[in-house]
file my_file-v6.pdb (PDB, C-alpha atoms, pLDDT in the B column)
ATOM      1  CA  ASP E  20      30.396  44.262 -49.952  1.00 69.00           C
ATOM      2  CA  GLN E  21      28.832  47.713 -49.694  1.00 79.00           C
ATOM      3  CA  GLN E  22      26.479  47.898 -46.742  1.00 92.00           C
ATOM      4  CA  VAL E  23      25.384  51.447 -47.609  1.00 95.00           C
ATOM      5  CA  LYS E  24      24.729  52.326 -51.224  1.00 95.00           C
ATOM      6  CA  GLN E  25      24.077  55.582 -53.012  1.00 96.00           C
ATOM      7  CA  ASN E  26      23.433  54.531 -56.569  1.00 91.00           C
ATOM      8  CA  SER E  27      23.464  57.992 -58.137  1.00 95.00           C
ATOM      9  CA  PRO E  28      27.029  59.335 -58.302  1.00 95.00           C
ATOM     10  CA  SER E  29      25.729  62.741 -59.355  1.00 97.00           C
ATOM     11  CA  LEU E  30      22.547  64.811 -59.549  1.00 97.00           C
ATOM     12  CA  SER E  31      21.804  68.188 -61.152  1.00 97.00           C
ATOM     13  CA  VAL E  32      18.837  70.296 -60.062  1.00 98.00           C
ATOM     14  CA  GLN E  33      17.600  73.756 -60.920  1.00 98.00           C
ATOM     15  CA  GLU E  34      17.702  76.380 -58.188  1.00 97.00           C
ATOM     16  CA  GLY E  35      14.394  76.546 -56.298  1.00 97.00           C
ATOM     17  CA  ARG E  36      13.379  73.006 -57.195  1.00 98.00           C
ATOM     18  CA  ILE E  37      13.468  69.911 -54.997  1.00 98.00           C
ATOM     19  CA  SER E  38      16.618  67.770 -54.680  1.00 98.00           C
ATOM     20  CA  ILE E  39      16.061  64.116 -53.752  1.00 98.00           C
ATOM     21  CA  LEU E  40      19.059  62.027 -52.756  1.00 98.00           C
ATOM     22  CA  ASN E  41      18.627  58.322 -52.187  1.00 98.00           C
ATOM     23  CA  CYS E  42      20.372  55.762 -50.030  1.00 98.00           C
ATOM     24  CA  ASP E  43      19.902  52.002 -49.595  1.00 97.00           C
ATOM     25  CA  TYR E  44      21.352  49.737 -46.945  1.00 97.00           C
ATOM     26  CA  THR E  45      21.663  45.999 -46.524  1.00 95.00           C
ATOM     27  CA  ASN E  46      22.421  45.486 -42.825  1.00 92.00           C
ATOM     28  CA  SER E  47      19.191  44.991 -40.863  1.00 92.00           C
ATOM     29  CA  MET E  48      21.051  45.877 -37.653  1.00 91.00           C
ATOM     30  CA  PHE E  49      21.333  49.507 -38.757  1.00 93.00           C
ATOM     31  CA  ASP E  50      19.077  51.641 -36.593  1.00 92.00           C
ATOM     32  CA  TYR E  51      20.425  55.144 -36.889  1.00 93.00           C
ATOM     33  CA  PHE E  52      20.976  57.089 -40.083  1.00 95.00           C
ATOM     34  CA  LEU E  53      22.616  60.391 -40.879  1.00 96.00           C
ATOM     35  CA  TRP E  54      23.207  62.669 -43.854  1.00 98.00           C
ATOM     36  CA  TYR E  55      26.364  64.705 -44.300  1.00 97.00           C
ATOM     37  CA  LYS E  56      27.358  67.383 -46.771  1.00 97.00           C
ATOM     38  CA  LYS E  57      30.980  67.777 -47.818  1.00 94.00           C
ATOM     39  CA  TYR E  58      32.673  70.638 -49.605  1.00 92.00           C
ATOM     40  CA  PRO E  59      36.173  70.178 -51.071  1.00 87.00           C
ATOM     41  CA  ALA E  60      38.999  70.623 -48.540  1.00 81.00           C
ATOM     42  CA  GLU E  61      36.567  70.480 -45.604  1.00 88.00           C
ATOM     43  CA  GLY E  62      35.349  67.732 -43.310  1.00 92.00           C
ATOM     44  CA  PRO E  63      31.804  66.368 -43.643  1.00 94.00           C
ATOM     45  CA  THR E  64      29.139  68.581 -42.059  1.00 95.00           C
ATOM     46  CA  PHE E  65      26.237  66.922 -40.258  1.00 95.00           C
ATOM     47  CA  LEU E  66      22.835  67.789 -41.770  1.00 97.00           C
ATOM     48  CA  ILE E  67      20.120  65.624 -40.289  1.00 97.00           C
ATOM     49  CA  SER E  68      19.575  62.242 -38.663  1.00 95.00           C
ATOM     50  CA  ILE E  69      16.779  59.747 -38.164  1.00 95.00           C
ATOM     51  CA  SER E  70      16.385  56.715 -35.952  1.00 92.00           C
ATOM     52  CA  SER E  71      14.410  53.645 -36.920  1.00 91.00           C
ATOM     53  CA  ILE E  72      11.511  54.468 -34.608  1.00 91.00           C
ATOM     54  CA  LYS E  73      10.594  57.326 -36.957  1.00 93.00           C
ATOM     55  CA  ASP E  74       9.819  57.444 -40.664  1.00 95.00           C
ATOM     56  CA  LYS E  75      10.378  61.170 -41.151  1.00 97.00           C
ATOM     57  CA  ASN E  76      12.479  63.939 -39.654  1.00 97.00           C
ATOM     58  CA  GLU E  77      12.481  67.552 -40.761  1.00 97.00           C
ATOM     59  CA  ASP E  78      14.877  70.419 -40.156  1.00 96.00           C
ATOM     60  CA  GLY E  79      14.287  73.573 -42.155  1.00 97.00           C
ATOM     61  CA  ARG E  80      14.796  72.863 -45.847  1.00 97.00           C
ATOM     62  CA  PHE E  81      15.980  69.309 -45.151  1.00 98.00           C
ATOM     63  CA  THR E  82      13.696  66.300 -44.660  1.00 98.00           C
ATOM     64  CA  VAL E  83      14.812  62.699 -44.306  1.00 98.00           C
ATOM     65  CA  PHE E  84      12.425  59.832 -44.980  1.00 98.00           C
ATOM     66  CA  LEU E  85      13.072  56.267 -43.807  1.00 97.00           C
ATOM     67  CA  ASN E  86      11.398  53.157 -45.209  1.00 97.00           C
ATOM     68  CA  LYS E  87      12.703  50.440 -42.948  1.00 95.00           C
ATOM     69  CA  SER E  88      10.969  47.557 -44.723  1.00 95.00           C
ATOM     70  CA  ALA E  89      12.609  48.583 -47.994  1.00 96.00           C
ATOM     71  CA  LYS E  90      15.906  49.469 -46.273  1.00 96.00           C
ATOM     72  CA  HIS E  91      15.777  52.808 -48.041  1.00 97.00           C
ATOM     73  CA  LEU E  92      16.130  56.409 -46.991  1.00 97.00           C
ATOM     74  CA  SER E  93      16.039  59.668 -48.870  1.00 98.00           C
ATOM     75  CA  LEU E  94      17.006  63.274 -48.257  1.00 98.00           C
ATOM     76  CA  HIS E  95      14.798  66.014 -49.679  1.00 98.00           C
ATOM     77  CA  ILE E  96      16.091  69.559 -50.001  1.00 98.00           C
ATOM     78  CA  VAL E  97      13.441  72.181 -50.716  1.00 98.00           C
ATOM     79  CA  PRO E  98      14.048  74.701 -52.147  1.00 98.00           C
ATOM     80  CA  SER E  99      17.483  73.878 -53.508  1.00 98.00           C
ATOM     81  CA  GLN E 100      20.066  76.664 -53.475  1.00 97.00           C
ATOM     82  CA  PRO E 101      23.405  76.986 -55.322  1.00 96.00           C
ATOM     83  CA  GLY E 102      25.186  76.794 -51.943  1.00 95.00           C
ATOM     84  CA  ASP E 103      23.812  73.266 -51.560  1.00 97.00           C
ATOM     85  CA  SER E 104      26.164  72.092 -54.313  1.00 97.00           C
ATOM     86  CA  ALA E 105      28.398  69.547 -52.569  1.00 97.00           C
ATOM     87  CA  VAL E 106      28.907  65.817 -52.102  1.00 96.00           C
ATOM     88  CA  TYR E 107      26.249  64.242 -49.874  1.00 98.00           C
ATOM     89  CA  PHE E 108      27.012  61.122 -47.840  1.00 97.00           C
ATOM     90  CA  CYS E 109      24.512  58.825 -46.218  1.00 97.00           C
ATOM     91  CA  ALA E 110      25.784  57.010 -43.091  1.00 96.00           C
ATOM     92  CA  ALA E 111      24.330  54.269 -40.910  1.00 95.00           C
ATOM     93  CA  SER E 112      25.083  52.571 -37.634  1.00 91.00           C
ATOM     94  CA  ASP E 113      23.495  50.284 -35.099  1.00 84.00           C
ATOM     95  CA  ASN E 114      21.885  52.038 -32.159  1.00 69.00           C
ATOM     96  CA  TYR E 115      25.130  52.056 -30.216  1.00 72.00           C
ATOM     97  CA  GLY E 116      26.137  54.670 -32.734  1.00 72.00           C
ATOM     98  CA  GLN E 117      29.850  54.058 -32.891  1.00 78.00           C
ATOM     99  CA  ASN E 118      30.590  52.024 -35.980  1.00 85.00           C
ATOM    100  CA  PHE E 119      29.284  54.336 -38.706  1.00 90.00           C
ATOM    101  CA  VAL E 120      29.365  53.070 -42.296  1.00 93.00           C
ATOM    102  CA  PHE E 121      29.276  55.649 -45.064  1.00 95.00           C
ATOM    103  CA  GLY E 122      27.868  55.376 -48.563  1.00 96.00           C
ATOM    104  CA  PRO E 123      29.971  56.382 -51.582  1.00 95.00           C
ATOM    105  CA  GLY E 124      28.342  59.801 -51.897  1.00 96.00           C
ATOM    106  CA  THR E 125      26.261  61.718 -54.437  1.00 97.00           C
ATOM    107  CA  ARG E 126      27.555  64.943 -55.972  1.00 97.00           C
ATOM    108  CA  LEU E 127      24.717  67.480 -56.089  1.00 98.00           C
ATOM    109  CA  SER E 128      24.935  70.438 -58.445  1.00 98.00           C
ATOM    110  CA  VAL E 129      22.308  73.149 -58.045  1.00 97.00           C
ATOM    111  CA  LEU E 130      22.190  75.274 -61.158  1.00 96.00           C
ATOM    112  CA  PRO E 131      21.258  78.983 -60.949  1.00 91.00           C
TER     113      PRO E 131
ATOM    114  CA  ASP B  28      33.947  77.196 -37.963  1.00 50.00           C
ATOM    115  CA  THR B  29      34.320  73.558 -37.075  1.00 60.00           C
ATOM    116  CA  GLU B  30      34.343  72.683 -33.377  1.00 91.00           C
ATOM    117  CA  VAL B  31      36.770  69.835 -33.983  1.00 96.00           C
ATOM    118  CA  THR B  32      40.239  71.179 -34.729  1.00 97.00           C
ATOM    119  CA  GLN B  33      42.841  69.146 -36.574  1.00 97.00           C
ATOM    120  CA  THR B  34      46.509  69.975 -37.057  1.00 97.00           C
ATOM    121  CA  PRO B  35      48.371  70.126 -39.310  1.00 97.00           C
ATOM    122  CA  LYS B  36      46.129  70.814 -42.312  1.00 96.00           C
ATOM    123  CA  HIS B  37      48.698  69.369 -44.696  1.00 97.00           C
ATOM    124  CA  LEU B  38      51.585  66.975 -44.074  1.00 97.00           C
ATOM    125  CA  VAL B  39      54.194  65.553 -46.413  1.00 96.00           C
ATOM    126  CA  MET B  40      56.360  62.799 -45.008  1.00 94.00           C
ATOM    127  CA  GLY B  41      58.853  60.266 -46.229  1.00 92.00           C
ATOM    128  CA  MET B  42      58.460  56.557 -45.658  1.00 91.00           C
ATOM    129  CA  THR B  43      61.052  56.558 -42.865  1.00 90.00           C
ATOM    130  CA  ASN B  44      59.640  59.531 -40.991  1.00 91.00           C
ATOM    131  CA  LYS B  45      57.687  59.582 -37.745  1.00 95.00           C
ATOM    132  CA  LYS B  46      54.962  62.182 -37.460  1.00 96.00           C
ATOM    133  CA  SER B  47      51.762  62.757 -35.484  1.00 97.00           C
ATOM    134  CA  LEU B  48      48.330  64.079 -36.355  1.00 98.00           C
ATOM    135  CA  LYS B  49      46.471  65.964 -33.649  1.00 98.00           C
ATOM    136  CA  CYS B  50      42.786  66.490 -32.955  1.00 98.00           C
ATOM    137  CA  GLU B  51      41.074  68.563 -30.276  1.00 98.00           C
ATOM    138  CA  GLN B  52      37.443  69.119 -29.308  1.00 97.00           C
ATOM    139  CA  HIS B  53      35.921  71.116 -26.450  1.00 90.00           C
ATOM    140  CA  MET B  54      32.294  70.057 -26.801  1.00 93.00           C
ATOM    141  CA  GLY B  55      32.486  67.613 -23.890  1.00 92.00           C
ATOM    142  CA  HIS B  56      32.128  64.667 -26.251  1.00 93.00           C
ATOM    143  CA  ARG B  57      33.310  61.340 -24.853  1.00 93.00           C
ATOM    144  CA  ALA B  58      33.706  59.377 -28.094  1.00 93.00           C
ATOM    145  CA  MET B  59      36.416  60.248 -30.619  1.00 95.00           C
ATOM    146  CA  TYR B  60      37.172  58.723 -33.993  1.00 95.00           C
ATOM    147  CA  TRP B  61      39.781  58.519 -36.720  1.00 97.00           C
ATOM    148  CA  TYR B  62      38.577  58.074 -40.296  1.00 96.00           C
ATOM    149  CA  LYS B  63      40.589  57.774 -43.510  1.00 96.00           C
ATOM    150  CA  GLN B  64      39.216  59.101 -46.806  1.00 94.00           C
ATOM    151  CA  LYS B  65      40.744  58.440 -50.208  1.00 93.00           C
ATOM    152  CA  ALA B  66      39.810  60.539 -53.227  1.00 88.00           C
ATOM    153  CA  LYS B  67      36.252  59.985 -54.466  1.00 85.00           C
ATOM    154  CA  LYS B  68      35.627  57.408 -51.732  1.00 90.00           C
ATOM    155  CA  PRO B  69      33.610  57.541 -48.497  1.00 91.00           C
ATOM    156  CA  PRO B  70      35.287  57.928 -45.109  1.00 93.00           C
ATOM    157  CA  GLU B  71      36.446  54.617 -43.654  1.00 94.00           C
ATOM    158  CA  LEU B  72      36.561  54.034 -39.916  1.00 94.00           C
ATOM    159  CA  MET B  73      39.985  53.358 -38.395  1.00 96.00           C
ATOM    160  CA  PHE B  74      39.672  53.732 -34.616  1.00 95.00           C
ATOM    161  CA  VAL B  75      37.121  54.656 -31.958  1.00 93.00           C
ATOM    162  CA  TYR B  76      37.860  55.825 -28.414  1.00 94.00           C
ATOM    163  CA  SER B  77      35.108  55.696 -25.799  1.00 92.00           C
ATOM    164  CA  TYR B  78      35.802  57.429 -22.500  1.00 93.00           C
ATOM    165  CA  GLU B  79      39.473  57.623 -23.492  1.00 94.00           C
ATOM    166  CA  LYS B  80      39.723  53.863 -24.055  1.00 94.00           C
ATOM    167  CA  LEU B  81      40.196  52.230 -27.455  1.00 93.00           C
ATOM    168  CA  SER B  82      36.920  50.487 -28.246  1.00 89.00           C
ATOM    169  CA  ILE B  83      37.149  49.798 -31.982  1.00 86.00           C
ATOM    170  CA  ASN B  84      40.214  49.075 -34.126  1.00 86.00           C
ATOM    171  CA  GLU B  85      39.199  48.251 -37.681  1.00 86.00           C
ATOM    172  CA  SER B  86      42.209  46.011 -38.393  1.00 88.00           C
ATOM    173  CA  VAL B  87      44.416  49.000 -39.066  1.00 94.00           C
ATOM    174  CA  PRO B  88      48.142  48.276 -39.710  1.00 94.00           C
ATOM    175  CA  SER B  89      50.432  48.874 -36.738  1.00 94.00           C
ATOM    176  CA  ARG B  90      52.217  51.712 -38.549  1.00 96.00           C
ATOM    177  CA  PHE B  91      49.190  53.756 -37.392  1.00 97.00           C
ATOM    178  CA  SER B  92      49.116  54.153 -33.612  1.00 97.00           C
ATOM    179  CA  PRO B  93      46.291  56.080 -31.941  1.00 97.00           C
ATOM    180  CA  GLU B  94      46.470  57.763 -28.564  1.00 97.00           C
ATOM    181  CA  CYS B  95      43.852  59.534 -26.457  1.00 97.00           C
ATOM    182  CA  PRO B  96      45.679  61.482 -23.707  1.00 95.00           C
ATOM    183  CA  ASN B  97      42.458  62.992 -22.299  1.00 93.00           C
ATOM    184  CA  SER B  98      38.816  63.509 -23.169  1.00 91.00           C
ATOM    185  CA  SER B  99      39.570  66.492 -25.430  1.00 95.00           C
ATOM    186  CA  LEU B 100      42.587  65.244 -27.362  1.00 97.00           C
ATOM    187  CA  LEU B 101      43.178  62.501 -29.903  1.00 98.00           C
ATOM    188  CA  ASN B 102      46.467  61.783 -31.651  1.00 98.00           C
ATOM    189  CA  LEU B 103      47.422  59.517 -34.519  1.00 98.00           C
ATOM    190  CA  HIS B 104      51.100  58.555 -34.568  1.00 97.00           C
ATOM    191  CA  LEU B 105      52.507  57.624 -37.958  1.00 97.00           C
ATOM    192  CA  HIS B 106      55.627  55.567 -38.621  1.00 95.00           C
ATOM    193  CA  ALA B 107      57.024  53.850 -41.704  1.00 94.00           C
ATOM    194  CA  LEU B 108      54.022  54.695 -43.858  1.00 95.00           C
ATOM    195  CA  GLN B 109      53.604  53.646 -47.467  1.00 95.00           C
ATOM    196  CA  PRO B 110      52.652  55.868 -50.425  1.00 95.00           C
ATOM    197  CA  GLU B 111      49.225  54.194 -50.512  1.00 96.00           C
ATOM    198  CA  ASP B 112      48.559  55.646 -47.045  1.00 97.00           C
ATOM    199  CA  SER B 113      48.296  59.078 -48.649  1.00 97.00           C
ATOM    200  CA  ALA B 114      44.768  60.279 -47.904  1.00 96.00           C
ATOM    201  CA  LEU B 115      42.654  62.748 -45.961  1.00 96.00           C
ATOM    202  CA  TYR B 116      42.615  61.788 -42.278  1.00 97.00           C
ATOM    203  CA  LEU B 117      39.496  62.935 -40.491  1.00 97.00           C
ATOM    204  CA  CYS B 118      38.923  63.192 -36.769  1.00 97.00           C
ATOM    205  CA  ALA B 119      35.394  63.176 -35.381  1.00 96.00           C
ATOM    206  CA  SER B 120      33.674  63.218 -32.017  1.00 95.00           C
ATOM    207  CA  SER B 121      30.222  62.329 -30.689  1.00 93.00           C
ATOM    208  CA  GLN B 122      28.457  62.936 -27.417  1.00 90.00           C
ATOM    209  CA  VAL B 123      28.095  59.771 -25.418  1.00 80.00           C
ATOM    210  CA  PRO B 124      29.396  56.324 -26.327  1.00 75.00           C
ATOM    211  CA  GLY B 125      26.586  53.802 -26.484  1.00 74.00           C
ATOM    212  CA  MET B 126      23.959  56.344 -27.480  1.00 78.00           C
ATOM    213  CA  ALA B 127      23.281  57.193 -31.093  1.00 81.00           C
ATOM    214  CA  SER B 128      24.362  60.762 -31.763  1.00 88.00           C
ATOM    215  CA  PRO B 129      25.862  62.420 -34.826  1.00 91.00           C
ATOM    216  CA  LEU B 130      29.544  62.601 -35.576  1.00 93.00           C
ATOM    217  CA  HIS B 131      31.105  66.049 -35.717  1.00 95.00           C
ATOM    218  CA  PHE B 132      34.101  66.134 -38.037  1.00 96.00           C
ATOM    219  CA  GLY B 133      37.174  68.301 -38.241  1.00 96.00           C
ATOM    220  CA  ASN B 134      38.450  69.564 -41.584  1.00 95.00           C
ATOM    221  CA  GLY B 135      41.042  66.826 -41.799  1.00 96.00           C
ATOM    222  CA  THR B 136      44.769  66.500 -42.394  1.00 97.00           C
ATOM    223  CA  ARG B 137      45.786  65.955 -46.000  1.00 96.00           C
ATOM    224  CA  LEU B 138      48.662  63.468 -45.781  1.00 97.00           C
ATOM    225  CA  THR B 139      51.081  62.749 -48.615  1.00 97.00           C
ATOM    226  CA  VAL B 140      53.638  59.965 -48.210  1.00 96.00           C
ATOM    227  CA  THR B 141      56.592  60.205 -50.596  1.00 94.00           C
TER     228      THR B 141
END
call {"tool": "encode", "arguments": {"input": "my_file-v6.pdb", "output": "structure tokens"}}
result
Amino acid sequence: DQQVKQNSPSLSVQEGRISILNCDYTNSMFDYFLWYKKYPAEGPTFLISISSIKDKNEDGRFTVFLNKSAKHLSLHIVPSQPGDSAVYFCAASDNYGQNFVFGPGTRLSVLP
Amino acid sequence: DTEVTQTPKHLVMGMTNKKSLKCEQHMGHRAMYWYKQKAKKPPELMFVYSYEKLSINESVPSRFSPECPNSSLLNLHLHALQPEDSALYLCASSQVPGMASPLHFGNGTRLTVT
């Protein structure tokens, strides 16, 4: 049973436009959420996090939105750049932050 | 450059071999993790060490044996593995056990069991 879902396996976006990646979760104990980017042959790179006391967190081109009642979060990348092309994973944990569960990932392609 | 260093980058081993994967971090993090990632799948948690003590073991077979010699080092000892254990093994660390903070990953060891 997948506790963290990313229902879009892939997404293509034009350079300069907005990329929106979505993530849904089922476990109401999850309190802390993260987004990672992964290039081939590298480990996941941390992008941005959000805890359940917030509904938005912003860091440069990356913004994460959390809708706790809908158990849904999204990552917005504006503007998208070709270097953003990678697999993006959503991850969640309870507030003890040790048992992280990852979603299956979304492959983002940013087209020049 | 990643601040979590894993060696070796690639490892090929037979089913009767014994080998070890190594992980090192110098960020002062006190939680360290082993994850396993199969192709086109998300990382799956194997073990968590908090303050050098094993705190989470996700029902991993005993042919995988973790060790945390000190706060900077994490090892994964491998013995009698099966071909289905072939995967990318990722080490990660985070700041303080019990407080939500992001995981920082190494680049992984690509393991092939023949």
call {"tool": "resolve_selection", "arguments": {"input": "my_file-v6.pdb", "expression": "the ChimeraX specification (/E :<12) & /B", "output": "ChimeraX atom specification"}}
result
/B:28-33,36-37,57-77,81-85,114-137
call {"tool": "atom_distance", "arguments": {"input": "my_file-v6.pdb", "atom1": "CA of Val140 in chain B", "atom2": "CA of Cys50 in chain B"}}
result
19.8 Å
call {"tool": "atom_distance", "arguments": {"input": "my_file-v6.pdb", "atom1": "CA of Asn26 in chain E", "atom2": "CA of Glu111 in chain B"}}
result
26.5 Å
call {"tool": "resolve_selection", "arguments": {"input": "my_file-v6.pdb", "expression": "the PyMOL selection byres ((chain E and resi 128) around 9)", "output": "mmCIF file with C-alpha atoms, in the coordinates of the input"}}
result
data_model
loop_
_atom_site.group_PDB
_atom_site.id
_atom_site.type_symbol
_atom_site.label_atom_id
_atom_site.label_comp_id
_atom_site.auth_asym_id
_atom_site.auth_seq_id
_atom_site.Cartn_x
_atom_site.Cartn_y
_atom_site.Cartn_z
ATOM 1 C CA SER E 29 25.729 62.741 -59.355
ATOM 2 C CA LEU E 30 22.547 64.811 -59.549
ATOM 3 C CA SER E 31 21.804 68.188 -61.152
ATOM 4 C CA VAL E 32 18.837 70.296 -60.062
ATOM 5 C CA GLN E 33 17.600 73.756 -60.920
ATOM 6 C CA PRO E 101 23.405 76.986 -55.322
ATOM 7 C CA ASP E 103 23.812 73.266 -51.560
ATOM 8 C CA SER E 104 26.164 72.092 -54.313
ATOM 9 C CA ALA E 105 28.398 69.547 -52.569
ATOM 10 C CA VAL E 106 28.907 65.817 -52.102
ATOM 11 C CA ARG E 126 27.555 64.943 -55.972
ATOM 12 C CA LEU E 127 24.717 67.480 -56.089
ATOM 13 C CA VAL E 129 22.308 73.149 -58.045
ATOM 14 C CA LEU E 130 22.190 75.274 -61.158
#
call {"tool": "resolve_selection", "arguments": {"input": "my_file-v6.pdb", "expression": "the PyMOL selection byres ((chain E and resi 71-85) around 6)", "output": "VMD selection string"}}
result
chain E and resid 50 70 86 to 87 92 to 97
call {"tool": "build_atoms", "arguments": {"input": "my_file-v6.pdb", "residues": "range 85-99 of chain B", "atoms": "N, CA, C and O atoms", "output": "short mmCIF file (atom, residue, chain, number, x, y, z; two decimals), in the frame of the given file"}}
result
data_model
loop_
_atom_site.label_atom_id
_atom_site.label_comp_id
_atom_site.auth_asym_id
_atom_site.auth_seq_id
_atom_site.Cartn_x
_atom_site.Cartn_y
_atom_site.Cartn_z
N GLU B 85 39.67 48.92 -36.48
CA GLU B 85 39.20 48.25 -37.68
C GLU B 85 40.35 47.60 -38.45
O GLU B 85 40.54 47.87 -39.64
N SER B 86 41.11 46.76 -37.75
CA SER B 86 42.21 46.01 -38.39
C SER B 86 43.17 46.93 -39.14
O SER B 86 43.55 46.66 -40.28
N VAL B 87 43.52 48.02 -38.46
CA VAL B 87 44.42 49.00 -39.07
C VAL B 87 45.87 48.55 -38.86
O VAL B 87 46.22 48.07 -37.77
N PRO B 88 46.74 48.68 -39.87
CA PRO B 88 48.14 48.28 -39.71
C PRO B 88 48.81 49.00 -38.55
O PRO B 88 48.47 50.15 -38.23
N SER B 89 49.79 48.34 -37.95
CA SER B 89 50.43 48.87 -36.74
C SER B 89 51.27 50.11 -37.01
O SER B 89 51.71 50.78 -36.05
N ARG B 90 51.50 50.47 -38.26
CA ARG B 90 52.22 51.71 -38.55
C ARG B 90 51.36 52.94 -38.20
O ARG B 90 51.85 54.06 -38.19
N PHE B 91 50.07 52.72 -37.92
CA PHE B 91 49.19 53.76 -37.39
C PHE B 91 48.95 53.45 -35.91
O PHE B 91 48.45 52.37 -35.59
N SER B 92 49.26 54.39 -35.04
CA SER B 92 49.12 54.15 -33.61
C SER B 92 48.31 55.29 -32.98
O SER B 92 48.78 56.42 -32.90
N PRO B 93 47.08 55.01 -32.53
CA PRO B 93 46.29 56.08 -31.94
C PRO B 93 46.62 56.26 -30.46
O PRO B 93 47.13 55.37 -29.79
N GLU B 94 46.28 57.46 -29.98
CA GLU B 94 46.47 57.76 -28.56
C GLU B 94 45.42 58.77 -28.15
O GLU B 94 45.15 59.72 -28.91
N CYS B 95 44.84 58.58 -26.97
CA CYS B 95 43.85 59.53 -26.46
C CYS B 95 44.31 59.99 -25.08
O CYS B 95 43.95 59.37 -24.06
N PRO B 96 45.10 61.07 -24.99
CA PRO B 96 45.68 61.48 -23.71
C PRO B 96 44.63 61.96 -22.69
O PRO B 96 44.83 61.80 -21.50
N ASN B 97 43.55 62.58 -23.18
CA ASN B 97 42.46 62.99 -22.30
C ASN B 97 41.19 63.12 -23.12
O ASN B 97 41.20 62.87 -24.33
N SER B 98 40.12 63.53 -22.49
CA SER B 98 38.82 63.51 -23.17
C SER B 98 38.71 64.52 -24.31
O SER B 98 37.78 64.45 -25.10
N SER B 99 39.65 65.46 -24.38
CA SER B 99 39.57 66.49 -25.43
C SER B 99 40.53 66.26 -26.59
O SER B 99 40.40 66.90 -27.63
#
